[in-house]
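Listing of model_36.cif; format and content: mmCIF, C-alpha atoms (C1' of nucleotides).
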data_final
loop_
_atom_site.label_atom_id
_atom_site.label_comp_id
_atom_site.auth_asym_id
_atom_site.auth_seq_id
_atom_site.Cartn_x
_atom_site.Cartn_y
_atom_site.Cartn_z
CA MET F 1 -25.96 -43.56 -21.52
CA VAL F 2 -26.61 -42.61 -17.94
CA THR F 3 -23.76 -41.07 -15.98
CA PRO F 4 -22.60 -43.65 -13.43
CA TYR F 5 -23.55 -42.98 -9.85
CA ARG F 6 -19.92 -42.88 -8.74
CA VAL F 7 -18.99 -40.23 -11.26
CA ARG F 8 -21.89 -38.03 -10.29
CA GLN F 9 -20.87 -38.34 -6.66
CA LEU F 10 -17.37 -37.18 -7.54
CA GLN F 11 -18.67 -34.23 -9.53
CA MET F 12 -20.95 -33.18 -6.70
CA ARG F 13 -18.12 -33.39 -4.20
CA GLU F 14 -15.89 -31.38 -6.46
CA GLU F 15 -18.55 -28.69 -6.67
CA ALA F 16 -18.92 -28.77 -2.91
CA ILE F 17 -15.17 -28.30 -2.49
CA LEU F 18 -15.16 -25.39 -4.90
CA ASP F 19 -18.10 -23.84 -3.08
CA VAL F 20 -16.22 -24.02 0.21
CA ALA F 21 -13.00 -22.74 -1.32
CA HIS F 22 -14.93 -19.85 -2.83
CA VAL F 23 -16.31 -18.84 0.54
CA LEU F 24 -13.08 -19.32 2.48
CA LEU F 25 -10.96 -17.54 -0.10
CA GLY F 26 -13.36 -14.63 0.06
CA LYS F 27 -13.34 -14.66 3.85
CA TYR F 28 -9.65 -15.17 4.64
CA GLY F 29 -7.75 -14.79 1.38
CA TYR F 30 -5.40 -17.34 -0.15
CA ASP F 31 -2.56 -17.38 2.38
CA ALA F 32 -4.76 -17.54 5.45
CA MET F 33 -7.00 -20.26 4.06
CA THR F 34 -5.70 -23.71 5.04
CA MET F 35 -6.41 -26.99 3.35
CA ASP F 36 -7.45 -28.32 6.76
CA ASP F 37 -10.13 -25.63 6.88
CA VAL F 38 -11.39 -26.62 3.48
CA ALA F 39 -11.51 -30.33 4.23
CA ALA F 40 -13.20 -29.75 7.58
CA GLU F 41 -15.79 -27.40 6.10
CA VAL F 42 -16.63 -29.79 3.26
CA GLY F 43 -16.74 -32.64 5.76
CA ILE F 44 -14.24 -34.88 4.02
CA ALA F 45 -10.76 -36.14 4.84
CA LYS F 46 -7.82 -34.10 3.71
CA ALA F 47 -6.64 -37.02 1.60
CA SER F 48 -9.93 -36.96 -0.30
CA LEU F 49 -9.44 -33.29 -0.95
CA TYR F 50 -6.10 -34.04 -2.57
CA LYS F 51 -7.79 -36.67 -4.76
CA HIS F 52 -9.59 -33.81 -6.47
CA PHE F 53 -6.95 -31.09 -6.39
CA VAL F 54 -3.28 -31.88 -6.45
CA SER F 55 -2.33 -28.68 -4.66
CA LYS F 56 -3.70 -25.64 -2.90
CA GLU F 57 -2.64 -23.56 -5.87
CA LYS F 58 -4.64 -25.71 -8.29
CA LEU F 59 -7.67 -25.52 -6.06
CA ALA F 60 -7.46 -21.75 -6.01
CA ALA F 61 -6.91 -21.64 -9.76
CA ARG F 62 -9.98 -23.78 -10.41
CA THR F 63 -12.03 -21.59 -8.10
CA MET F 64 -10.96 -18.55 -10.07
CA VAL F 65 -11.74 -20.26 -13.37
CA ARG F 66 -15.23 -21.03 -12.17
CA LEU F 67 -15.66 -17.38 -11.18
CA PHE F 68 -14.49 -16.16 -14.60
CA ASP F 69 -16.77 -18.60 -16.39
CA ARG F 70 -19.70 -17.46 -14.30
CA THR F 71 -18.80 -13.87 -15.06
CA VAL F 72 -18.75 -14.53 -18.78
CA ALA F 73 -22.11 -16.30 -18.45
CA GLN F 74 -23.51 -13.37 -16.51
CA LEU F 75 -22.33 -11.05 -19.25
CA ALA F 76 -23.95 -13.17 -21.94
CA ALA F 77 -27.21 -13.16 -20.01
CA LEU F 78 -27.56 -9.35 -20.08
CA PRO F 79 -30.41 -7.98 -22.23
CA ALA F 80 -29.13 -7.40 -25.76
CA ASN F 81 -30.81 -4.02 -26.05
CA LYS F 82 -28.66 -2.50 -23.31
CA SER F 83 -25.80 -0.24 -24.31
CA ALA F 84 -22.19 -1.31 -23.77
CA PHE F 85 -21.90 1.22 -20.99
CA GLU F 86 -24.98 -0.10 -19.22
CA LYS F 87 -23.66 -3.62 -19.57
CA LEU F 88 -20.35 -2.66 -17.99
CA ARG F 89 -22.15 -0.97 -15.16
CA ASP F 90 -24.40 -3.97 -14.62
CA MET F 91 -21.41 -6.30 -14.64
CA LEU F 92 -19.53 -4.30 -12.04
CA GLU F 93 -22.63 -4.04 -9.92
CA TRP F 94 -23.11 -7.80 -10.10
CA ALA F 95 -19.47 -8.40 -9.14
CA LEU F 96 -19.67 -5.97 -6.22
CA ARG F 97 -22.82 -7.59 -4.90
CA GLU F 98 -21.18 -11.00 -5.17
CA ARG F 99 -18.29 -9.61 -3.12
CA LEU F 100 -20.65 -8.23 -0.50
CA LYS F 101 -22.12 -11.71 -0.19
CA GLY F 102 -18.65 -13.05 0.59
CA GLY F 103 -17.42 -13.97 -2.87
CA ILE F 104 -13.85 -13.79 -4.05
CA PRO F 105 -12.52 -10.82 -6.02
CA HIS F 106 -11.55 -11.14 -9.67
CA LEU F 107 -7.90 -10.31 -8.98
CA PRO F 108 -5.55 -12.32 -6.71
CA SER F 109 -4.35 -9.07 -5.19
CA THR F 110 -4.28 -10.44 -1.67
CA SER F 111 -1.40 -12.81 -2.27
CA SER F 112 1.70 -12.45 -4.38
CA THR F 113 2.45 -16.17 -3.98
CA LEU F 114 -0.91 -17.05 -5.48
CA GLU F 115 -0.45 -14.55 -8.26
CA GLN F 116 2.84 -16.13 -9.22
CA SER F 117 1.40 -19.61 -9.50
CA LEU F 118 -1.69 -18.44 -11.39
CA MET F 119 0.53 -16.88 -14.01
CA THR F 120 1.69 -20.36 -15.03
CA ASP F 121 -1.69 -22.06 -14.86
CA GLU F 122 -2.95 -22.63 -18.40
CA PRO F 123 -6.67 -23.10 -17.66
CA TYR F 124 -6.62 -19.98 -15.51
CA LEU F 125 -4.90 -17.91 -18.17
CA ALA F 126 -7.26 -19.15 -20.88
CA SER F 127 -10.32 -18.30 -18.81
CA LEU F 128 -8.93 -14.90 -17.86
CA LEU F 129 -8.12 -14.14 -21.48
CA SER F 130 -11.63 -14.90 -22.65
CA LEU F 131 -13.13 -12.63 -20.00
CA ASN F 132 -10.59 -9.95 -20.86
CA ALA F 133 -11.56 -10.12 -24.51
CA ALA F 134 -15.26 -9.76 -23.74
CA LEU F 135 -14.70 -6.80 -21.43
CA SER F 136 -12.28 -5.07 -23.80
CA LEU F 137 -14.87 -5.30 -26.56
CA LEU F 138 -17.49 -3.71 -24.33
CA VAL F 139 -15.16 -0.90 -23.29
CA ASP F 140 -14.25 -0.15 -26.91
CA GLU F 141 -17.92 -0.18 -27.83
CA ALA F 142 -18.69 2.24 -25.00
CA LYS F 143 -15.92 4.50 -26.24
CA ASN F 144 -17.45 4.45 -29.73
CA ASP F 145 -20.78 5.40 -28.18
CA ASN F 146 -18.95 8.33 -26.59
CA ALA F 147 -19.96 7.01 -23.19
CA ILE F 148 -16.48 6.28 -21.86
CA SER F 149 -13.61 8.71 -22.17
CA ALA F 150 -11.36 7.82 -25.09
CA GLU F 151 -8.46 9.41 -23.25
CA LEU F 152 -8.15 6.41 -20.95
CA PRO F 153 -6.62 3.33 -22.59
CA THR F 154 -8.89 0.31 -22.81
CA ASP F 155 -6.52 -1.92 -20.89
CA TYR F 156 -6.43 0.59 -18.06
CA VAL F 157 -10.23 0.67 -17.87
CA VAL F 158 -10.50 -3.11 -17.94
CA THR F 159 -7.88 -3.51 -15.24
CA ALA F 160 -9.56 -0.83 -13.16
CA ILE F 161 -12.86 -2.72 -13.37
CA TYR F 162 -11.17 -5.88 -12.11
CA ALA F 163 -9.49 -3.86 -9.38
CA ARG F 164 -12.84 -2.51 -8.19
CA THR F 165 -13.82 -6.07 -7.29
CA CYS F 166 -10.94 -6.32 -4.84
CA ASP F 167 -11.16 -2.75 -3.60
CA PRO F 168 -10.74 -2.82 0.18
CA THR F 169 -13.08 0.19 0.33
CA LEU F 170 -15.91 -2.31 -0.03
CA GLU F 171 -14.93 -4.26 3.08
CA TYR F 172 -14.16 -1.16 5.11
CA MET F 173 -17.56 0.30 4.36
CA GLN F 174 -19.26 -3.01 5.03
CA ARG F 175 -17.43 -3.43 8.32
CA GLY F 176 -18.37 0.07 9.42
CA ARG F 177 -22.07 -0.94 9.31
CA THR F 178 -22.96 2.69 8.61
CA TYR F 179 -24.33 2.10 5.14
CA SER F 180 -26.56 -0.49 3.54
CA ASP F 181 -25.26 -2.77 0.81
CA ASP F 182 -27.24 -0.79 -1.74
CA GLU F 183 -25.63 2.46 -0.63
CA ILE F 184 -22.16 0.96 -0.70
CA VAL F 185 -22.71 -0.34 -4.23
CA ARG F 186 -24.00 3.06 -5.32
CA PHE F 187 -20.99 4.87 -3.87
CA MET F 188 -18.58 2.48 -5.54
CA LEU F 189 -20.31 2.57 -8.93
CA ASP F 190 -20.68 6.35 -8.95
CA GLY F 191 -17.16 6.78 -7.64
CA PHE F 192 -15.80 4.62 -10.41
CA PHE F 193 -17.84 5.76 -13.39
CA VAL F 194 -18.58 9.37 -12.55
CA GLY F 195 -15.64 10.15 -10.27
CA ILE F 196 -15.77 12.25 -7.13
CA VAL F 197 -15.57 15.73 -8.63
CA VAL F 198 -18.63 17.90 -9.02
CA ARG F 199 -19.86 17.87 -12.60
CA SER F 200 -20.11 21.31 -14.13
CA MET C 1 24.51 17.40 26.39
CA VAL C 2 25.77 15.47 23.42
CA THR C 3 23.89 12.38 22.41
CA PRO C 4 26.09 9.42 23.28
CA TYR C 5 27.75 7.66 20.37
CA ARG C 6 26.07 4.37 21.24
CA VAL C 7 22.62 5.87 21.21
CA ARG C 8 23.11 7.50 17.84
CA GLN C 9 24.34 4.19 16.45
CA LEU C 10 21.16 2.55 17.68
CA GLN C 11 18.95 5.20 16.12
CA MET C 12 20.73 4.94 12.80
CA ARG C 13 20.39 1.19 12.78
CA GLU C 14 16.73 1.44 13.59
CA GLU C 15 16.23 3.73 10.63
CA ALA C 16 18.17 1.32 8.44
CA ILE C 17 15.94 -1.54 9.56
CA LEU C 18 12.81 0.47 8.83
CA ASP C 19 14.18 1.41 5.41
CA VAL C 20 14.73 -2.23 4.58
CA ALA C 21 11.34 -3.27 5.95
CA HIS C 22 9.71 -0.54 3.87
CA VAL C 23 11.29 -1.84 0.69
CA LEU C 24 10.70 -5.53 1.41
CA LEU C 25 7.10 -4.99 2.51
CA GLY C 26 6.49 -3.11 -0.71
CA LYS C 27 8.18 -5.79 -2.77
CA TYR C 28 6.85 -8.99 -1.18
CA GLY C 29 4.09 -8.00 1.18
CA TYR C 30 3.88 -8.83 4.86
CA ASP C 31 3.44 -12.59 4.76
CA ALA C 32 6.17 -13.27 2.23
CA MET C 33 8.71 -11.03 3.95
CA THR C 34 10.81 -13.01 6.45
CA MET C 35 12.75 -11.66 9.38
CA ASP C 36 15.82 -13.47 8.04
CA ASP C 37 15.47 -11.45 4.84
CA VAL C 38 15.31 -8.24 6.80
CA ALA C 39 18.32 -9.04 8.97
CA ALA C 40 20.36 -10.17 5.98
CA GLU C 41 19.46 -7.09 3.93
CA VAL C 42 20.33 -4.74 6.80
CA GLY C 43 23.52 -6.72 7.40
CA ILE C 44 22.93 -7.50 11.07
CA ALA C 45 22.24 -10.64 13.08
CA LYS C 46 18.63 -11.64 13.60
CA ALA C 47 19.09 -11.33 17.35
CA SER C 48 20.06 -7.70 16.90
CA LEU C 49 16.92 -7.15 14.85
CA TYR C 50 14.87 -8.41 17.78
CA LYS C 51 16.68 -5.95 20.07
CA HIS C 52 14.89 -3.20 18.17
CA PHE C 53 11.55 -4.81 17.36
CA VAL C 54 10.05 -7.44 19.61
CA SER C 55 8.10 -9.02 16.76
CA LYS C 56 7.52 -8.98 13.04
CA GLU C 57 4.13 -7.41 13.66
CA LYS C 58 5.65 -4.53 15.63
CA LEU C 59 8.22 -3.97 12.90
CA ALA C 60 5.47 -3.74 10.30
CA ALA C 61 3.41 -1.47 12.53
CA ARG C 62 6.34 0.89 13.05
CA THR C 63 6.98 0.95 9.31
CA MET C 64 3.38 1.94 8.73
CA VAL C 65 3.55 4.60 11.43
CA ARG C 66 6.57 6.13 9.76
CA LEU C 67 4.69 6.16 6.45
CA PHE C 68 1.69 7.89 8.02
CA ASP C 69 3.90 10.44 9.73
CA ARG C 70 5.66 11.17 6.47
CA THR C 71 2.31 11.51 4.76
CA VAL C 72 1.11 14.00 7.36
CA ALA C 73 4.38 15.89 6.96
CA GLN C 74 3.96 15.88 3.18
CA LEU C 75 0.49 17.28 3.64
CA ALA C 76 1.70 20.02 5.92
CA ALA C 77 4.39 20.97 3.42
CA LEU C 78 1.88 21.74 0.63
CA PRO C 79 1.57 25.43 -0.36
CA ALA C 80 -1.09 27.05 1.80
CA ASN C 81 -2.64 28.88 -1.14
CA LYS C 82 -3.72 25.66 -2.82
CA SER C 83 -7.36 24.64 -2.60
CA ALA C 84 -8.40 21.62 -0.59
CA PHE C 85 -9.13 19.78 -3.81
CA GLU C 86 -5.69 20.53 -5.22
CA LYS C 87 -4.11 19.38 -1.99
CA LEU C 88 -5.97 16.08 -2.10
CA ARG C 89 -4.91 15.58 -5.68
CA ASP C 90 -1.30 16.40 -4.85
CA MET C 91 -1.35 14.01 -1.91
CA LEU C 92 -2.69 11.14 -3.95
CA GLU C 93 -0.18 11.84 -6.68
CA TRP C 94 2.62 11.82 -4.15
CA ALA C 95 1.41 8.52 -2.68
CA LEU C 96 1.09 6.91 -6.12
CA ARG C 97 4.60 7.98 -7.08
CA GLU C 98 5.93 6.57 -3.82
CA ARG C 99 4.22 3.30 -4.70
CA LEU C 100 5.73 3.27 -8.16
CA LYS C 101 9.13 3.63 -6.51
CA GLY C 102 8.44 0.47 -4.51
CA GLY C 103 6.92 1.95 -1.37
CA ILE C 104 4.27 0.29 0.75
CA PRO C 105 0.59 1.10 0.35
CA HIS C 106 -1.34 2.96 3.03
CA LEU C 107 -3.68 0.04 3.66
CA PRO C 108 -2.56 -3.41 4.84
CA SER C 109 -4.81 -4.97 2.22
CA THR C 110 -2.29 -7.62 1.28
CA SER C 111 -2.52 -9.51 4.55
CA SER C 112 -5.45 -10.16 6.81
CA THR C 113 -3.11 -11.41 9.54
CA LEU C 114 -1.26 -8.11 9.52
CA GLU C 115 -4.51 -6.19 9.51
CA GLN C 116 -5.66 -8.02 12.62
CA SER C 117 -2.54 -7.22 14.58
CA LEU C 118 -2.46 -3.60 13.46
CA MET C 119 -5.98 -3.12 14.79
CA THR C 120 -4.66 -3.66 18.32
CA ASP C 121 -1.48 -1.60 17.94
CA GLU C 122 -1.94 1.69 19.76
CA PRO C 123 0.79 3.74 18.05
CA TYR C 124 -0.47 2.56 14.68
CA LEU C 125 -4.06 3.48 15.45
CA ALA C 126 -3.06 6.87 16.81
CA SER C 127 -1.02 7.67 13.73
CA LEU C 128 -3.76 6.45 11.41
CA LEU C 129 -6.33 8.50 13.24
CA SER C 130 -4.34 11.69 12.91
CA LEU C 131 -3.92 11.18 9.17
CA ASN C 132 -7.63 10.35 8.88
CA ALA C 133 -8.53 13.56 10.64
CA ALA C 134 -6.37 15.65 8.33
CA LEU C 135 -7.77 14.02 5.19
CA SER C 136 -11.37 14.21 6.38
CA LEU C 137 -10.95 17.93 6.97
CA LEU C 138 -9.62 18.41 3.46
CA VAL C 139 -12.46 16.41 1.92
CA ASP C 140 -15.06 18.41 3.83
CA GLU C 141 -13.37 21.61 2.76
CA ALA C 142 -13.39 20.48 -0.86
CA LYS C 143 -17.09 19.71 -0.53
CA ASN C 144 -17.71 23.22 0.81
CA ASP C 145 -15.82 24.59 -2.19
CA ASN C 146 -18.21 22.57 -4.35
CA ALA C 147 -15.22 20.72 -5.78
CA ILE C 148 -16.11 17.26 -4.48
CA SER C 149 -19.58 15.80 -4.78
CA ALA C 150 -21.51 16.17 -1.53
CA GLU C 151 -23.45 13.04 -2.41
CA LEU C 152 -20.53 10.82 -1.49
CA PRO C 153 -19.94 10.49 2.28
CA THR C 154 -16.64 11.84 3.52
CA ASP C 155 -15.58 8.55 5.03
CA TYR C 156 -16.17 6.83 1.71
CA VAL C 157 -13.98 9.37 -0.10
CA VAL C 158 -11.20 9.12 2.48
CA THR C 159 -11.23 5.33 2.38
CA ALA C 160 -11.25 5.39 -1.41
CA ILE C 161 -8.15 7.59 -1.40
CA TYR C 162 -6.34 5.12 0.85
CA ALA C 163 -7.52 2.30 -1.38
CA ARG C 164 -6.06 4.00 -4.46
CA THR C 165 -2.59 3.58 -2.89
CA CYS C 166 -2.99 -0.18 -2.86
CA ASP C 167 -4.83 -0.44 -6.14
CA PRO C 168 -3.38 -3.39 -8.06
CA THR C 169 -4.10 -1.47 -11.27
CA LEU C 170 -0.91 0.43 -10.54
CA GLU C 171 1.25 -2.68 -10.51
CA TYR C 172 -0.48 -4.24 -13.48
CA MET C 173 0.10 -1.14 -15.57
CA GLN C 174 3.68 -0.84 -14.36
CA ARG C 175 4.35 -4.50 -15.13
CA GLY C 176 2.89 -4.12 -18.60
CA ARG C 177 5.64 -1.61 -19.47
CA THR C 178 3.32 -0.03 -22.01
CA TYR C 179 2.99 3.29 -20.22
CA SER C 180 5.39 5.62 -18.46
CA ASP C 181 5.06 6.31 -14.76
CA ASP C 182 3.69 9.76 -15.57
CA GLU C 183 0.99 8.29 -17.77
CA ILE C 184 0.03 5.70 -15.17
CA VAL C 185 -0.27 8.39 -12.52
CA ARG C 186 -2.39 10.51 -14.84
CA PHE C 187 -4.75 7.63 -15.62
CA MET C 188 -5.15 6.79 -11.96
CA LEU C 189 -5.72 10.39 -10.86
CA ASP C 190 -8.16 11.16 -13.67
CA GLY C 191 -9.89 7.83 -13.17
CA PHE C 192 -10.34 8.55 -9.50
CA PHE C 193 -11.27 12.21 -9.50
CA VAL C 194 -13.02 12.62 -12.84
CA GLY C 195 -14.25 9.06 -13.42
CA ILE C 196 -14.28 7.24 -16.71
CA VAL C 197 -17.49 8.61 -18.22
CA VAL C 198 -17.44 11.30 -20.86
CA ARG C 199 -18.17 14.71 -19.39
CA SER C 200 -21.18 16.37 -20.97
"C1'" DG G 1 2.35 -38.94 9.46
"C1'" DT G 2 6.22 -36.36 7.14
"C1'" DC G 3 8.61 -32.47 5.86
"C1'" DT G 4 9.51 -27.72 5.11
"C1'" DA G 5 9.34 -22.89 6.32
"C1'" DT G 6 9.81 -19.48 9.51
"C1'" DA G 7 9.04 -16.78 13.95
"C1'" DG G 8 11.53 -16.26 17.78
"C1'" DT G 9 15.48 -17.78 21.34
"C1'" DC G 10 19.97 -18.96 23.04
"C1'" DT G 11 25.11 -19.55 23.10
"C1'" DG G 12 29.73 -18.99 22.74
"C1'" DA G 13 33.04 -16.21 20.15
"C1'" DT G 14 34.62 -11.58 18.77
"C1'" DA G 15 35.35 -6.79 18.15
"C1'" DG G 16 35.48 -2.35 19.55
"C1'" DA G 17 34.31 1.57 22.98
"C1'" DC G 18 35.93 3.24 27.21
"C1'" DG Z 1 42.27 -4.83 29.99
"C1'" DT Z 2 37.44 -4.87 30.85
"C1'" DC Z 3 32.98 -4.89 29.36
"C1'" DT Z 4 29.16 -4.77 26.48
"C1'" DA Z 5 27.05 -5.07 22.05
"C1'" DT Z 6 26.95 -7.76 18.19
"C1'" DC Z 7 27.82 -11.72 15.44
"C1'" DA Z 8 26.97 -16.30 13.22
"C1'" DG Z 9 24.32 -19.76 13.53
"C1'" DA Z 10 22.32 -23.64 16.05
"C1'" DC Z 11 18.13 -24.50 18.16
"C1'" DT Z 12 12.93 -24.83 19.51
"C1'" DA Z 13 8.22 -24.62 18.45
"C1'" DT Z 14 4.54 -24.37 15.47
"C1'" DA Z 15 1.87 -24.17 11.49
"C1'" DG Z 16 0.53 -26.00 7.43
"C1'" DA Z 17 1.19 -28.26 2.68
"C1'" DC Z 18 0.86 -32.61 1.05
#
Kindly present the structure from the file in structure tokens form.
Amino acid sequence: MVTPYRVRQLQMREEAILDVAHVLLGKYGYDAMTMDDVAAEVGIAKASLYKHFVSKEKLAARTMVRLFDRTVAQLAALPANKSAFEKLRDMLEWALRERLKGGIPHLPSTSSTLEQSLMTDEPYLASLLSLNAALSLLVDEAKNDNAISAELPTDYVVTAIYARTCDPTLEYMQRGRTYSDDEIVRFMLDGFFVGIVVRS
Amino acid sequence: MVTPYRVRQLQMREEAILDVAHVLLGKYGYDAMTMDDVAAEVGIAKASLYKHFVSKEKLAARTMVRLFDRTVAQLAALPANKSAFEKLRDMLEWALRERLKGGIPHLPSTSSTLEQSLMTDEPYLASLLSLNAALSLLVDEAKNDNAISAELPTDYVVTAIYARTCDPTLEYMQRGRTYSDDEIVRFMLDGFFVGIVVRS
DNA sequence: GTCTATAGTCTGATAGAC
DNA sequence: GTCTATCAGACTATAGAC
């Protein structure tokens, strides 16, 4: 059976809303983004916006879920012959480049109000958990390969990876216009994986 | 000449206000902290609060300035015989422990509105600049000692140090209650300076 | 359009320094 | 006793969720 025209229209509009929310959340953060902004940018009435998302919090949660799902998909798309360590590096690089393009970070670190509401959002938690599981597996695998230090707990490493995607260093460097995106990504990746000390 | 009683009272109250703002900013962040909260916590009328600080933005800026000044003082108090690298490590450790005690981070990463207003606040910029200068010197010195990789630009390293003080990893680990404060600090310091890869 | 939250102001009463 | 700072809290204005 063919999907009715009306339904497809709704789905497309929902995607459009999420696209706009993604950009605006990345640009202004949760608190500074207004629902008026979103509606205006999508080009729909505010009431229509609320037909799709019952609250600002739900809109943000759904945007995050879409990001997590995309991240999991990205992870699954990596060449199978790469090592766990290489996969982790590739994933972080992908996330950083998404950020440089204006995407939202993987942690709601910019708003404690948002964080609170996300913690009670079932779809969000489920999506987060599945990404967590995938990343934890990779980190453990990299530890087994003796690529990542076993002295750091896995949950610390996973959290630190998330945190890199909302590291303000990225924006400061980008704002400074001194370095290219490629350089910034290299600094951040090396800084995270290899540290800043001189290797002996 | 003795400082008049009235003046000393005013100074003490100003300190008390800044103490409260420091705690509340650390706890809730700029946007979620209200001036009513501050006044109530200090135990004064809101009007009196505005006698000291003409706006919420100025109050936050002054709180940040005090933090920077304390940081510079902390830096100056380090034993002179320590290497630049050790000093940087000690400074970051001090900042992380302050954070764990509920202090505010060194970057206004939690609020873009605050960040905007700080960028036009002269005393804030002056104080930030002086801390920047001190840290940049240390990083360059550590590079000369071959302790910090010369491949990473100094401004990247300095920004990354600031960013570590507002790294959400800290709060996530603290909230998890799995690790002691000492462990968390060790993970963060090792993660930052040494990285997460296995040393060969 | 409605309602809430909150920054910032104003007033009349009060307490305490001198 | 006078005076000034402070108090409690009402009030305005505005932004923004819904």
Reference answer for the PyMOL selection byres ((chain Z and resi 3-17) around 8), as a PDB file with C-alpha atoms (C1' of nucleotides), in the frame of the given file:
ATOM      1  CA  THR F  34      -5.700 -23.710   5.040  1.00  0.00           C
ATOM      2  CA  MET F  35      -6.410 -26.990   3.350  1.00  0.00           C
ATOM      3  CA  LYS F  56      -3.700 -25.640  -2.900  1.00  0.00           C
TER       4      LYS F  56
ATOM      5  CA  ILE C  44      22.930  -7.500  11.070  1.00  0.00           C
ATOM      6  CA  ALA C  45      22.240 -10.640  13.080  1.00  0.00           C
ATOM      7  CA  SER C  48      20.060  -7.700  16.900  1.00  0.00           C
TER       8      SER C  48
ATOM      9  C1'  DT G   9      15.480 -17.780  21.340  1.00  0.00           C
ATOM     10  C1'  DC G  10      19.970 -18.960  23.040  1.00  0.00           C
ATOM     11  C1'  DT G  14      34.620 -11.580  18.770  1.00  0.00           C
TER      12       DT G  14
ATOM     13  C1'  DT Z   2      37.440  -4.870  30.850  1.00  0.00           C
ATOM     14  C1'  DC Z  18       0.860 -32.610   1.050  1.00  0.00           C
TER      15       DC Z  18
END
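Computed from the coordinates, the atom CA of Met119 of chain C to atom CA of Ala163 of chain F distance equals 24.4 Å.
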TODO: Dump as a PyMOL selection string the residues of chain G that approach chain C to within 12 Å, counting all atoms listed in the file.
DONE: chain G and resi 5-11+16-18
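Taking atom CA of Glu171 of chain F as the reference point, atom CA of Gly29 of chain F is found at 12.9 Å.
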Segment 136-151 of chain F: which residues within 12 Å, counting all atoms listed in the file, same-chain residues fewer than 2 positions away excluded, as a tab-separated table (two decimals) with C-alpha atoms, keeping the file's coordinate frame?
chain	number	residue	atom	x	y	z
F	75	LEU	CA	-22.33	-11.05	-19.25
F	76	ALA	CA	-23.95	-13.17	-21.94
F	82	LYS	CA	-28.66	-2.50	-23.31
F	83	SER	CA	-25.80	-0.24	-24.31
F	84	ALA	CA	-22.19	-1.31	-23.77
F	85	PHE	CA	-21.90	1.22	-20.99
F	86	GLU	CA	-24.98	-0.10	-19.22
F	87	LYS	CA	-23.66	-3.62	-19.57
F	88	LEU	CA	-20.35	-2.66	-17.99
F	89	ARG	CA	-22.15	-0.97	-15.16
F	90	ASP	CA	-24.40	-3.97	-14.62
F	91	MET	CA	-21.41	-6.30	-14.64
F	128	LEU	CA	-8.93	-14.90	-17.86
F	129	LEU	CA	-8.12	-14.14	-21.48
F	130	SER	CA	-11.63	-14.90	-22.65
F	131	LEU	CA	-13.13	-12.63	-20.00
F	132	ASN	CA	-10.59	-9.95	-20.86
F	133	ALA	CA	-11.56	-10.12	-24.51
F	134	ALA	CA	-15.26	-9.76	-23.74
F	153	PRO	CA	-6.62	3.33	-22.59
F	154	THR	CA	-8.89	0.31	-22.81
F	155	ASP	CA	-6.52	-1.92	-20.89
F	156	TYR	CA	-6.43	0.59	-18.06
F	157	VAL	CA	-10.23	0.67	-17.87
F	158	VAL	CA	-10.50	-3.11	-17.94
F	159	THR	CA	-7.88	-3.51	-15.24
F	160	ALA	CA	-9.56	-0.83	-13.16
F	161	ILE	CA	-12.86	-2.72	-13.37
F	162	TYR	CA	-11.17	-5.88	-12.11
F	192	PHE	CA	-15.80	4.62	-10.41
F	193	PHE	CA	-17.84	5.76	-13.39
F	194	VAL	CA	-18.58	9.37	-12.55
C	183	GLU	CA	0.99	8.29	-17.77
C	186	ARG	CA	-2.39	10.51	-14.84
C	187	PHE	CA	-4.75	7.63	-15.62
C	190	ASP	CA	-8.16	11.16	-13.67
C	191	GLY	CA	-9.89	7.83	-13.17
C	194	VAL	CA	-13.02	12.62	-12.84
C	195	GLY	CA	-14.25	9.06	-13.42
C	196	ILE	CA	-14.28	7.24	-16.71
C	197	VAL	CA	-17.49	8.61	-18.22
C	198	VAL	CA	-17.44	11.30	-20.86
C	199	ARG	CA	-18.17	14.71	-19.39
C	200	SER	CA	-21.18	16.37	-20.97
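For the pair atom CA of Tyr30 of chain F and atom C1' of DG1 of chain G, the interatomic distance is 24.9 Å.
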- [ ] Name every residue that the PyMOL selection byres ((chain F and resi 182) around 12) selects in this structure, writing the answer as a ChimeraX atom specification with chains first and numbers rising.
- [x] /F:93-94,96-97,100,170,173-174,178-181,183-189
Open item on the list: For Ala126 of chain F, find every residue with an atom within 12 Å (counting all atoms listed in the file), except residues of its own chain fewer than 5 positions away, and show them as a list in words.
Closed with: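 After dropping sequence-adjacent residues, the list is Ala61, Arg62, Met64, Val65, Arg66, Phe68, Asp69, Leu118, Met119, Thr120, Asp121, Leu131, Asn132 and Ala133 of chain F.
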